[in-house]
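> Below is work35.txt; it holds compact mmCIF, C-alpha atoms and all ligand atoms.
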```txt
# COMPACT_ATOMS: atom_id res chain seq x y z
CA MET A 1 -16.97 33.20 -37.78
CA LYS A 2 -19.10 30.41 -39.15
CA ALA A 3 -19.07 26.73 -38.12
CA THR A 4 -21.53 23.88 -38.43
CA PRO A 5 -23.72 23.26 -35.35
CA GLU A 6 -22.15 19.75 -35.16
CA ASP A 7 -18.65 21.20 -34.95
CA GLN A 8 -19.82 23.66 -32.30
CA LEU A 9 -21.23 20.80 -30.22
CA ARG A 10 -17.98 18.86 -30.69
CA LEU A 11 -16.22 21.77 -29.00
CA LEU A 12 -18.15 20.95 -25.83
CA ASP A 13 -16.98 17.32 -26.01
CA LEU A 14 -13.44 18.54 -26.57
CA GLN A 15 -13.75 20.98 -23.68
CA LYS A 16 -14.91 18.17 -21.41
CA VAL A 17 -11.91 15.97 -22.29
CA ASP A 18 -9.51 18.91 -21.96
CA ALA A 19 -10.89 19.70 -18.52
CA GLU A 20 -10.33 16.09 -17.47
CA ILE A 21 -6.76 16.17 -18.80
CA ASP A 22 -6.12 19.45 -16.98
CA LEU A 23 -7.53 17.99 -13.77
CA LEU A 24 -5.31 14.90 -13.97
CA ASN A 25 -2.25 17.02 -14.75
CA HIS A 26 -3.09 19.26 -11.82
CA ARG A 27 -3.45 16.22 -9.59
CA ALA A 28 -0.09 14.84 -10.77
CA LYS A 29 1.59 18.15 -10.07
CA ASN A 30 0.04 18.52 -6.62
CA LEU A 31 0.41 15.05 -5.14
CA PRO A 32 1.03 15.43 -1.38
CA GLU A 33 4.03 13.12 -1.85
CA HIS A 34 5.89 15.87 -3.76
CA SER A 35 6.14 18.23 -0.79
CA GLN A 36 6.63 15.37 1.68
CA ILE A 37 9.55 14.08 -0.40
CA THR A 38 11.05 17.58 -0.64
CA GLU A 39 10.82 18.01 3.14
CA LEU A 40 12.37 14.62 3.86
CA GLU A 41 15.15 15.22 1.37
CA ALA A 42 15.98 18.44 3.22
CA VAL A 43 16.05 16.53 6.53
CA LYS A 44 18.29 13.90 4.98
CA GLN A 45 20.62 16.48 3.49
CA SER A 46 21.08 18.36 6.76
CA SER A 47 21.51 15.10 8.72
CA ASP A 48 24.09 13.97 6.17
CA SER A 49 26.11 17.13 6.59
CA GLU A 50 25.78 17.02 10.41
CA LEU A 51 26.93 13.41 10.34
CA GLY A 52 29.89 14.44 8.19
CA LEU A 53 30.94 17.04 10.77
CA VAL A 54 30.47 14.71 13.75
CA SER A 55 32.39 11.96 11.94
CA ILE A 56 35.36 14.30 11.56
CA ASP A 57 35.28 15.02 15.32
CA GLU A 58 34.83 11.33 16.01
CA ALA A 59 37.88 10.42 13.90
CA ASP A 60 39.96 13.15 15.59
CA VAL A 61 39.09 11.87 19.05
CA LYS A 62 39.77 8.28 18.00
CA ARG A 63 43.29 9.37 17.09
CA GLU A 64 43.58 11.07 20.49
CA VAL A 65 42.50 7.82 22.18
CA ALA A 66 45.10 5.84 20.23
CA LYS A 67 47.80 8.32 21.16
CA ALA A 68 46.85 8.42 24.87
CA ASP A 69 46.75 4.62 24.86
CA ALA A 70 50.22 4.41 23.31
CA ASP A 71 51.57 6.97 25.83
CA ALA A 72 50.17 5.02 28.78
CA GLU A 73 51.46 1.76 27.38
CA GLN A 74 54.95 3.19 27.05
CA VAL A 75 55.00 4.29 30.70
CA ARG A 76 53.57 0.93 31.84
CA THR A 77 56.34 -0.91 29.98
CA ARG A 78 58.97 1.28 31.61
CA LYS A 79 57.36 0.66 35.01
CA THR A 80 57.37 -3.12 34.51
CA ARG A 81 61.02 -3.03 33.51
CA ASP A 82 61.94 -1.03 36.63
CA GLU A 83 59.93 -3.42 38.82
CA VAL A 84 61.83 -6.37 37.39
CA ARG A 85 65.14 -4.64 38.00
CA LEU A 86 64.17 -3.73 41.55
CA ALA A 87 63.04 -7.30 42.28
CA SER A 88 66.36 -8.64 41.04
CA GLY A 89 68.06 -6.61 43.76
CA GLN A 90 71.06 -5.95 41.54
CA GLY A 91 72.85 -2.60 41.65
CA SER A 92 74.00 -0.25 44.39
CA ALA A 93 71.73 0.89 47.21
CA LYS A 94 71.65 4.28 45.56
CA ASP A 95 70.55 2.75 42.27
CA LEU A 96 67.78 0.86 43.98
CA GLU A 97 66.60 3.94 45.82
CA HIS A 98 66.63 5.81 42.57
CA LEU A 99 64.53 3.04 41.00
CA GLN A 100 62.01 3.21 43.84
CA HIS A 101 61.59 6.94 43.33
CA GLU A 102 61.21 6.46 39.63
CA LEU A 103 58.56 3.78 40.18
CA VAL A 104 56.49 6.12 42.37
CA SER A 105 56.64 8.82 39.74
CA LEU A 106 55.85 6.32 36.94
CA SER A 107 52.79 5.05 38.84
CA ARG A 108 51.53 8.60 39.17
CA ARG A 109 52.18 9.19 35.49
CA VAL A 110 50.25 6.03 34.54
CA ASN A 111 47.30 7.17 36.65
CA ASP A 112 47.34 10.62 35.06
CA LEU A 113 47.49 9.17 31.58
CA GLU A 114 44.68 6.74 32.33
CA GLU A 115 42.54 9.61 33.56
CA ILE A 116 43.25 11.55 30.38
CA GLU A 117 42.38 8.47 28.35
CA LEU A 118 39.11 8.06 30.23
CA GLU A 119 38.19 11.69 29.62
CA ILE A 120 38.91 11.29 25.89
CA MET A 121 36.89 8.06 25.77
CA MET A 122 33.92 9.91 27.26
CA ARG A 123 34.17 12.56 24.59
CA LEU A 124 34.40 9.83 21.97
CA ASP A 125 31.22 8.26 23.36
CA GLU A 126 29.41 11.57 22.99
CA PHE A 127 30.47 11.95 19.37
CA THR A 128 29.70 8.32 18.60
CA SER A 129 26.21 8.51 20.06
CA LYS A 130 25.59 11.80 18.24
CA ALA A 131 26.75 10.18 14.99
CA ASN A 132 24.49 7.19 15.64
CA GLU A 133 21.53 9.52 16.19
CA TYR A 134 22.13 11.07 12.76
CA ARG A 135 22.60 7.63 11.20
CA ALA A 136 19.25 6.57 12.67
CA ILE A 137 17.54 9.70 11.33
CA ILE A 138 19.04 9.08 7.88
CA ALA A 139 17.97 5.42 7.88
CA ASP A 140 14.46 6.36 8.99
CA THR A 141 14.27 9.12 6.37
CA ASP A 142 15.52 6.75 3.66
CA ALA A 143 12.83 4.22 4.57
CA LYS A 144 10.10 6.88 4.46
CA LEU A 145 11.44 8.26 1.18
CA GLU A 146 11.35 4.82 -0.36
CA VAL A 147 7.67 4.36 0.54
CA LEU A 148 6.72 7.88 -0.58
CA THR A 149 8.66 7.63 -3.83
CA ALA A 150 7.00 4.32 -4.67
CA SER A 151 3.58 5.77 -3.90
CA ARG A 152 4.31 8.90 -5.98
CA ASP A 153 5.60 6.89 -8.94
CA LYS A 154 2.62 4.54 -8.87
CA GLN A 155 0.14 7.42 -8.88
CA LEU A 156 2.06 9.33 -11.54
CA SER A 157 2.13 6.33 -13.84
CA GLU A 158 -1.61 5.72 -13.35
CA LEU A 159 -2.37 9.37 -14.03
CA ALA A 160 -0.07 9.37 -17.06
CA ALA A 161 -1.85 6.31 -18.46
CA ASN A 162 -5.23 8.02 -18.04
CA VAL A 163 -3.94 11.22 -19.64
CA LYS A 164 -2.62 9.19 -22.55
CA ASN A 165 -6.06 7.64 -23.15
CA LEU A 166 -7.76 11.01 -22.87
CA LYS A 167 -5.30 12.54 -25.33
CA GLU A 168 -6.15 9.83 -27.84
CA GLU A 169 -9.84 10.61 -27.34
CA ARG A 170 -9.08 14.31 -27.70
CA ALA A 171 -7.22 13.77 -30.98
CA MET A 172 -10.21 11.89 -32.38
CA ILE A 173 -12.65 14.68 -31.48
CA ALA A 174 -10.32 17.50 -32.56
CA GLY A 175 -9.70 15.74 -35.87
CA LYS A 176 -13.35 16.23 -36.81
CA ILE A 177 -13.53 19.95 -35.99
CA ALA A 178 -12.87 22.60 -38.66
CA ALA A 179 -9.38 24.02 -38.30
CA GLU A 180 -10.41 27.65 -37.93
CA LEU A 181 -12.87 26.95 -35.12
CA LEU A 182 -10.39 24.65 -33.39
CA ALA A 183 -7.68 27.32 -33.55
CA LEU A 184 -10.01 29.91 -31.99
CA TYR A 185 -10.92 27.45 -29.24
CA GLU A 186 -7.25 26.71 -28.49
CA LYS A 187 -6.40 30.40 -28.36
CA LEU A 188 -9.28 31.19 -25.99
CA ARG A 189 -8.55 28.16 -23.85
CA ALA A 190 -4.94 29.27 -23.39
CA SER A 191 -5.98 32.69 -22.11
CA ASN A 192 -9.10 31.69 -20.14
CA GLU A 193 -7.98 29.19 -17.49
CA GLY A 194 -8.34 26.25 -19.82
CA VAL A 195 -11.92 26.97 -20.85
CA GLY A 196 -12.33 28.06 -24.47
CA ALA A 197 -15.90 26.97 -25.14
CA ALA A 198 -18.93 27.06 -22.86
CA ALA A 199 -22.52 26.04 -23.21
CA ILE A 200 -25.28 28.56 -22.72
CA VAL A 201 -27.37 27.06 -19.92
CA ARG A 202 -30.66 28.79 -19.15
CA LYS A 203 -29.45 32.06 -20.67
CA ARG A 204 -26.22 31.97 -18.69
CA CYS A 205 -22.64 31.53 -19.90
CA SER A 206 -21.31 28.42 -18.18
CA GLY A 207 -17.77 29.76 -18.68
CA CYS A 208 -17.96 32.93 -16.61
CA HIS A 209 -21.32 32.09 -14.98
CA LEU A 210 -22.82 35.44 -15.84
CA ASP A 211 -26.35 35.76 -17.19
CA LEU A 212 -26.76 36.95 -20.75
CA THR A 213 -28.27 40.41 -21.05
CA ALA A 214 -31.78 40.45 -22.50
CA ILE A 215 -30.38 42.09 -25.62
CA ASP A 216 -27.68 39.44 -26.10
CA ALA A 217 -30.13 36.64 -25.42
CA GLU A 218 -32.42 38.01 -28.11
CA LYS A 219 -29.51 38.51 -30.50
CA PHE A 220 -28.30 34.94 -29.98
CA LYS A 221 -31.82 33.62 -30.43
CA GLN A 222 -32.03 35.30 -33.84
CA ALA A 223 -28.51 34.31 -34.91
CA PRO A 224 -28.18 31.67 -37.65
CA VAL A 225 -27.22 28.22 -36.29
CA ASP A 226 -23.83 28.34 -38.00
CA ASP A 227 -22.84 31.64 -36.38
CA VAL A 228 -20.09 31.17 -33.82
CA LEU A 229 -21.31 33.08 -30.76
CA ARG A 230 -19.04 34.70 -28.19
CA CYS A 231 -19.76 35.66 -24.60
CA GLU A 232 -19.76 39.44 -24.29
CA GLU A 233 -18.27 39.13 -20.80
CA CYS A 234 -15.53 36.49 -21.07
CA ARG A 235 -15.20 36.23 -24.89
CA ARG A 236 -15.42 32.46 -24.79
CA ILE A 237 -17.17 30.60 -27.59
CA LEU A 238 -20.80 30.08 -26.59
CA ILE A 239 -22.55 26.89 -27.65
CA ARG A 240 -26.28 26.62 -28.00
CA THR A 241 -27.90 23.44 -26.68
CA VAL A 242 -31.43 22.35 -25.82
CA ASP A 243 -30.80 23.70 -22.30
CA SER A 244 -29.86 27.18 -23.49
CA GLY A 245 -33.31 28.66 -22.94
CA LEU A 246 -33.12 30.52 -26.22
CA ILE A 247 -35.92 28.75 -28.05
ZN ZN A 301 -18.86 34.12 -20.37
```
Show the structure stored in the file as structure tokens.
Ligand SMILES: [Zn+2]


Amino acid sequence: MKATPEDQLRLLDLQKVDAEIDLLNHRAKNLPEHSQITELEAVKQSSDSELGLVSIDEADVKREVAKADADAEQVRTRKTRDEVRLASGQGSAKDLEHLQHELVSLSRRVNDLEEIELEIMMRLDEFTSKANEYRAIIADTDAKLEVLTASRDKQLSELAANVKNLKEERAMIAGKIAAELLALYEKLRASNEGVGAAAIVRKRCSGCHLDLTAIDAEKFKQAPVDDVLRCEECRRILIRTVDSGLI
């Protein structure tokens, strides 16, 4: 392939801009915030589902508390009514004795129910404090996520702005290069880790960093300036400059 020496040199400018764009894209993709956000989102998700489960238990126990409370209240009301009747002294001696017995048994029943209620309240406390722990984790995670997301977005928008400028610069350089040479460069760049053109620096390919063989060096030295040279090792386009060591 033939190309003017100016176009060949432009490839090096293009390569430089492309490398900068690649670097910025790589940086955008590998911001530490990405993995930190993913980790925190996992923490939040598992805490959310744990909280959901504990909340179900909490609601169940709250219903148990309400029921135990209602049961105890019912017995207390009955007890109060009996006490009033007993105090009034009305009724036969047998009735009054019966009332006294009933009052003893009602007192015992109230005590039992209050104990049950207390035991349920303790269980409720456990669930409530567990739920609060998860709520605290979620709130803390949300706060961290907010900071990290803001930091990520700020960096991404700065990087995107820089990439945009570089792409404009790239378009200007690429617009001046002959289509055939540009197409070869793009093809090589795609299959060679983003490097399609490399300068020969002191008889070495700066793409694969291997020295030219003496034969190749001599061949390149003799080649007309508009010959498009290729590295025998990595096949990248080789550009001659004043630093090539071929003169
Ligand atoms: Zn090479």

> Pick out the residues sitting within 12 Å of Glu119 (chain A), and hand them over as number ranges by chain; count only C-alpha atoms, and ignore anything fewer than 4 positions along from it in its own chain.

A: 61, 64-65, 68, 112-115, 123-126

> Can you pull out every residue with an atom within 9 Å of ligand ZN 301 (chain A)? Use all atoms listed in the file and format it as a ChimeraX atom specification.

/A:198,200,204-212,230-238

> For the atom pair CA of Ala19 (chain A) and CA of Asn192 (chain A), what is the interatomic distance in Å to one decimal place?

12.2 Å

> How many Å lie between CA of Met172 (chain A) and CA of Gly194 (chain A), rounded to one decimal?

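So the answer is 19.2 Å.
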
> Figure out the distance between CA of Leu9 (chain A) and CA of Ala178 (chain A), please, to one decimal in Å.

12.0 Å

> I'd like the contact shell of Gln8 (chain A) - 12 Å cut-off, only C-alpha atoms, skipping same-chain residues fewer than 2 positions apart - returned as a PyMOL selection string.

chain A and resi 1-6+10-15+173-174+176-178+180-182+184-185+196-199+225-230+237-241
